[in-house]
Amino acid sequence: MASRFFVSCQPHLEKDLLNELESFWHQLIDLDGLPTRSRPEVVYEDIGGIEIECETHLGFQINLFSKLANRVLWRIHHFEARYFDQFEKELKKLDLKKYLGEQKFNLNIESGKSRLFHESNLEESAHKILKNAVKKQDENLLSLYIRIFKDHVTLSLDTSGKHLHKRGYRQAQGEAPMRETLAAKMYNFLLKNALEGEVLYSPQNANTVILDPFCGAGTLLFEAASFFQPNLVSKFDFERFNNLPGLLKSETWKKNFKIANPSKTQFMGIELDSKTFTKLEGNYEAFKTHFPAVENGFKFIQGNSKAADFSALKDQAVIVIANPPYGERLKNTDAEDVLMSLERIPNLKGLVVVHPPQWKLKFSQLKIKQSEAFNNQGLDLKLTLFAL
Ligand SMILES: C[S@@+](CC[C@H](N)C(=O)[O-])C[C@H]1O[C@@H](n2cnc3c(N)ncnc32)[C@H](O)[C@@H]1O
C-alpha cells in the first residue's frame, strides 16, 4: 500500500535529506525480506522537511536509516474544514483503531492562516471525538498530529517516537554538545565535497584518520563512524502500530537487512576536560552496543590539542573535523590558535570546522574549498572545508 510521509529536518537541511533518502533507499526491505527496487516519489519540499510517497513499510524504515531527519510523520487523513461542525464530522470518519487499536495517544493540534484558529477550542472538539486521546502529554504514548493550514486539515501519526537525533548512545553530554543530526550533516558535508575532483577523503581508505581536536562527549566521531549504519537497536513508534504487515511484526525482522560497512576510517578524539572525557568513555561503551557493526578503530586522548604529539600519525592521512568552543557559553580560549596549530600534523589533508563567520582562520597551506551557512542552536555560523 502506498502512503505519504512527511520527513522533517532542521531548516536548510532539506536538500541533503533528499540526497540521503536517495542514497540509502535501495537498502530498505520489501515485505518479502528482500531489498526494494522501488523509489520514493517527492510530493513537495518545504522549509523543515520533505513530503514523499512510497510503500508504507518503506516509509517506516526511514527511521532506522536517516541520520538527518528529525521525525517521520505518516499522513493518514486530510480534508477541508472552515467550521467546527465540518471539522468534527470529518474527524468522526477517521477509524483510528485501525492504526492504534485500543492504545491511548497524545494529541498535538496546530493551526495557521485558517478560519479555525483557536487551538484550545479545536483541542476540546477533537477530544470529544477521539476518546483515547490523553489530555496530558505522555512521552511513552504514540502521537497523533492535527495540522490546519489555510483551512486544510492534515492528520498524521508519528512513526518515530523519540526525536531521531536520540540514537541511544549518548548517555551523557559535555558542555555545548552538538545535536547528532547536525554532527551527521558535518560528516555528510565532508563526503559531499571530498569526492569531487581530486579525492580528499574516501571512507574506503583504511589509512585515514578523522581527528576531532575538541571532541567533547564524542558526537562528531560517533556520527561519522555510524553514518552508513542503520539504527537497528532503538525501538520506533511504528513498531507499536496495530496494522503492521506480517514481516515487520516478527521479532527478528531487522536481521533481513544486508548492510556492509563501507567505512574503514580510523577515529581519534582529544578532549581537555577530565569530566567530559569520562562522559566520552561512557558514550563509547554505549555506542558499541548500539552500533555493533562499526568495527573501526577509535583512540581517545585526554589533553590539550595544542600540545598533542601527532608524530605517530606520520604514515596516515588526517582529516580534522571540529566543533570548537565559540560563542558565549564557553568562555574561551584560543580555539582559533589550536586549530591553526594543527597544520603541524604531518599528513594533514583537510579540515572541516563549524565557526562564527567573523573568525579568520589563517593557515599557511590549507585553503578554503567550500563554505556554507550553518545554524547551531540559534547561532548563525559557518561550516567550512579547508584543504590543501
Ligand atoms: C563545543 S564542545 C564540543 C562538543 C562536541 N562536538 C560534542 O557534541 O560533544 C568543545 C569541547 O572542546 C574542549 N576543548 C576546549 N579547548 C580544548 C583544547 N585546547 N584541547 C582539547 N579540547 C579542548 C572543551 O572542553 C569542550 O568539551
# chains A, B, ... in the order shown; residues from 1 in each chain; ligands from 1
call {"tool": "residues_near_ligand", "arguments": {"ligand": "ligand 1", "cutoff": "8 Å", "atoms": "only C-alpha atoms and all ligand atoms", "output": "ChimeraX atom specification"}}
result
/A:173-180,183,213-220,270-273,276,280,302-306,322-326,330,332-335,338
call {"tool": "residues_around", "arguments": {"residues": "Asn296 (chain A)", "least_positions_apart": "6", "cutoff": "8 Å", "atoms": "only C-alpha atoms", "output": "list in words"}}
result
Ala225, Ser263, Lys264, Thr265, Gln266 and Phe267 of chain A
call {"tool": "atom_distance", "arguments": {"atom1": "CA of Leu190 (chain A)", "atom2": "CA of Gly168 (chain A)"}}
result
24.1 Å
call {"tool": "closest_atom_pairs", "arguments": {"of": "region 115-182 of chain A", "to": "region 52-65 of chain A", "cutoff": "12 Å", "atoms": "only C-alpha atoms", "output": "Markdown table"}}
result
| residue | atom | partner | partner_atom | distance |
| --- | --- | --- | --- | --- |
| A:Leu157 | CA | A:Phe60 | CA | 11.0 |
| A:Asp158 | CA | A:Phe60 | CA | 9.9 |
| A:Thr159 | CA | A:Phe60 | CA | 6.5 |
| A:Ser160 | CA | A:Asn63 | CA | 6.2 |
| A:Gly161 | CA | A:Asn63 | CA | 9.6 |
| A:Lys162 | CA | A:Asn63 | CA | 10.4 |
| A:His163 | CA | A:Asn63 | CA | 9.9 |
| A:Leu164 | CA | A:Asn63 | CA | 7.1 |
| A:His165 | CA | A:Asn63 | CA | 10.3 |
| A:Lys166 | CA | A:Asn63 | CA | 11.3 |
| A:Arg167 | CA | A:Leu64 | CA | 9.5 |
call {"tool": "write_last_selection", "arguments": {"atoms": "N, CA and C atoms", "output": "short mmCIF file (atom, residue, chain, number, x, y, z; two decimals), in the first residue's frame"}}
result
data_model
loop_
_atom_site.label_atom_id
_atom_site.label_comp_id
_atom_site.auth_asym_id
_atom_site.auth_seq_id
_atom_site.Cartn_x
_atom_site.Cartn_y
_atom_site.Cartn_z
N LEU A 157 0.25 10.39 11.90
CA LEU A 157 0.74 9.62 13.05
C LEU A 157 2.25 9.71 13.07
N ASP A 158 2.78 9.92 14.25
CA ASP A 158 4.24 9.96 14.38
C ASP A 158 4.75 8.52 14.36
N THR A 159 5.63 8.22 13.41
CA THR A 159 6.16 6.85 13.32
C THR A 159 7.47 6.71 14.09
N SER A 160 8.03 7.86 14.55
CA SER A 160 9.36 7.84 15.15
C SER A 160 9.34 7.60 16.66
N GLY A 161 8.56 8.43 17.37
CA GLY A 161 8.58 8.36 18.84
C GLY A 161 9.59 9.36 19.35
N LYS A 162 10.65 8.87 19.95
CA LYS A 162 11.70 9.80 20.40
C LYS A 162 12.23 10.53 19.17
N HIS A 163 12.65 11.77 19.38
CA HIS A 163 13.26 12.54 18.31
C HIS A 163 14.42 11.71 17.73
N LEU A 164 14.54 11.69 16.39
CA LEU A 164 15.50 10.76 15.79
C LEU A 164 16.97 11.08 16.08
N HIS A 165 17.25 12.29 16.57
CA HIS A 165 18.66 12.56 16.89
C HIS A 165 19.10 11.72 18.09
N LYS A 166 18.14 11.22 18.85
CA LYS A 166 18.49 10.38 20.01
C LYS A 166 18.78 8.96 19.53
N ARG A 167 20.01 8.73 19.16
CA ARG A 167 20.38 7.42 18.59
C ARG A 167 20.44 6.35 19.68
#
call {"tool": "select_by_dssp", "arguments": {"residues": "region 59-153 of chain A", "states": "alpha helix (DSSP H)", "output": "ChimeraX atom specification"}}
result
/A:59-65,84-93,97-100,119-129
call {"tool": "residues_around", "arguments": {"residues": "Leu68 (chain A)", "least_positions_apart": "6", "cutoff": "7 Å", "atoms": "only C-alpha atoms", "output": "list of chain:residue names"}}
result
A:Cys9, A:Leu17, A:Thr181, A:Ala184, A:Lys185
call {"tool": "residues_around", "arguments": {"residues": "Asn207 (chain A)", "least_positions_apart": "4", "cutoff": "10 Å", "atoms": "only C-alpha atoms", "output": "VMD selection string"}}
result
chain A and resid 202 to 203 264 to 266 313 315 to 318
call {"tool": "write_last_selection", "arguments": {"atoms": "N, CA and C atoms", "output": "compact mmCIF listing (two decimals), in the first residue's frame"}}
result
# COMPACT_ATOMS: atom_id res chain seq x y z
N SER A 202 38.20 9.40 1.35
CA SER A 202 37.31 8.32 0.96
C SER A 202 37.16 7.38 2.16
N PRO A 203 35.92 7.06 2.54
CA PRO A 203 35.72 6.18 3.69
C PRO A 203 36.34 4.80 3.47
N LYS A 264 36.20 2.44 6.44
CA LYS A 264 37.38 1.81 7.07
C LYS A 264 38.19 2.86 7.83
N THR A 265 37.64 4.05 7.90
CA THR A 265 38.33 5.17 8.56
C THR A 265 38.63 4.86 10.02
N GLN A 266 39.76 5.40 10.50
CA GLN A 266 40.10 5.33 11.92
C GLN A 266 39.68 6.66 12.57
N LEU A 313 51.12 9.75 13.76
CA LEU A 313 50.21 9.76 12.60
C LEU A 313 50.95 9.98 11.28
N ASP A 315 52.33 8.28 9.06
CA ASP A 315 52.07 7.46 7.86
C ASP A 315 50.60 7.43 7.45
N GLN A 316 49.80 8.24 8.13
CA GLN A 316 48.37 8.22 7.80
C GLN A 316 47.90 9.58 7.30
N ALA A 317 46.89 9.56 6.42
CA ALA A 317 46.27 10.82 6.00
C ALA A 317 45.32 11.25 7.11
N VAL A 318 45.30 12.55 7.43
CA VAL A 318 44.46 13.02 8.54
C VAL A 318 43.47 14.08 8.04
call {"tool": "closest_residue", "arguments": {"among": "A:Gly246, A:Phe238, A:Gln204, A:Phe222", "to": "Ala260 (chain A)", "atoms": "only C-alpha atoms"}}
result
A:Gln204
call {"tool": "atom_distance", "arguments": {"atom1": "CA of Lys255 (chain A)", "atom2": "CA of Lys235 (chain A)"}}
result
14.4 Å
call {"tool": "closest_residue", "arguments": {"among": "A:Leu248, A:Val7, A:Leu141, A:Val233", "to": "Leu31 (chain A)", "atoms": "only C-alpha atoms"}}
result
A:Leu248
call {"tool": "select_by_dssp", "arguments": {"residues": "region 70-173 of chain A", "states": "strand (DSSP E)", "output": "PyMOL selection string"}}
result
chain A and resi 70-80+105-112+142-149+152-158
call {"tool": "closest_residue", "arguments": {"among": "A:Phe300, A:Trp25, A:Phe149, A:Tyr169", "to": "Ala286 (chain A)", "atoms": "only C-alpha atoms"}}
result
A:Tyr169
call {"tool": "residues_around", "arguments": {"residues": "Asp138 (chain A)", "least_positions_apart": "4", "cutoff": "9 Å", "atoms": "only C-alpha atoms", "output": "number ranges by chain"}}
result
A: 105-106, 134, 142
call {"tool": "write_last_selection", "arguments": {"atoms": "N, CA and C atoms", "output": "PDB file, in the first residue's frame"}}
result
ATOM      1  N   PHE A 105      -3.283   7.765  23.189  1.00  0.00           N
ATOM      2  CA  PHE A 105      -2.273   8.510  22.403  1.00  0.00           C
ATOM      3  C   PHE A 105      -2.297   9.995  22.745  1.00  0.00           C
ATOM      4  N   ASN A 106      -1.180  10.663  22.431  1.00  0.00           N
ATOM      5  CA  ASN A 106      -1.078  12.126  22.584  1.00  0.00           C
ATOM      6  C   ASN A 106      -1.702  12.794  21.372  1.00  0.00           C
ATOM      7  N   VAL A 134      -5.145  11.426  25.221  1.00  0.00           N
ATOM      8  CA  VAL A 134      -4.962  11.837  26.624  1.00  0.00           C
ATOM      9  C   VAL A 134      -4.843  13.358  26.694  1.00  0.00           C
ATOM     10  N   LEU A 142       1.987   6.837  21.885  1.00  0.00           N
ATOM     11  CA  LEU A 142       2.045   7.199  20.464  1.00  0.00           C
ATOM     12  C   LEU A 142       1.428   8.603  20.295  1.00  0.00           C
TER      13      LEU A 142
END
call {"tool": "residues_around", "arguments": {"residues": "Leu18 (chain A)", "least_positions_apart": "6", "cutoff": "12 Å", "atoms": "only C-alpha atoms", "output": "list in words"}}
result
Phe6, Val7, Ser8, Cys9, His12, Phe24, Trp25, Pro40, Glu41, Val42, Val43, Tyr44, Glu45, Asp46, Gly48, Gly49, Ile50, Glu51, Ile52, Ile62, Ser66, Lys67, Leu68 and Ala69 of chain A
call {"tool": "closest_residue", "arguments": {"among": "A:Ile259, A:Ala172, A:Ile47, A:Ala293", "to": "Ile29 (chain A)", "atoms": "only C-alpha atoms"}}
result
A:Ile259
call {"tool": "residues_around", "arguments": {"residues": "Glu372 (chain A)", "least_positions_apart": "6", "cutoff": "7 Å", "atoms": "only C-alpha atoms", "output": "count of residues only"}}
result
3
call {"tool": "decode", "arguments": {"residues": "region 12-31 of chain A", "atoms": "C-alpha atoms", "output": "CSV table (one decimal), in the first residue's frame"}}
result
chain,number,residue,atom,x,y,z
A,12,HIS,CA,18.1,24.2,5.3
A,13,LEU,CA,18.9,20.5,5.5
A,14,GLU,CA,16.1,19.6,3.0
A,15,LYS,CA,18.4,19.1,0.0
A,16,ASP,CA,20.9,17.0,2.0
A,17,LEU,CA,17.9,15.0,3.4
A,18,LEU,CA,16.6,14.3,-0.1
A,19,ASN,CA,20.0,13.1,-1.3
A,20,GLU,CA,20.3,11.0,1.8
A,21,LEU,CA,16.9,9.3,1.2
A,22,GLU,CA,18.0,8.5,-2.3
A,23,SER,CA,21.3,7.1,-1.1
A,24,PHE,CA,20.0,4.6,1.4
A,25,TRP,CA,16.7,3.7,-0.3
A,26,HIS,CA,18.0,0.6,-2.0
A,27,GLN,CA,18.8,-0.9,1.4
A,28,LEU,CA,15.2,-0.8,2.7
A,29,ILE,CA,13.4,-4.1,2.5
A,30,ASP,CA,10.1,-5.1,0.9
A,31,LEU,CA,7.6,-7.4,2.6
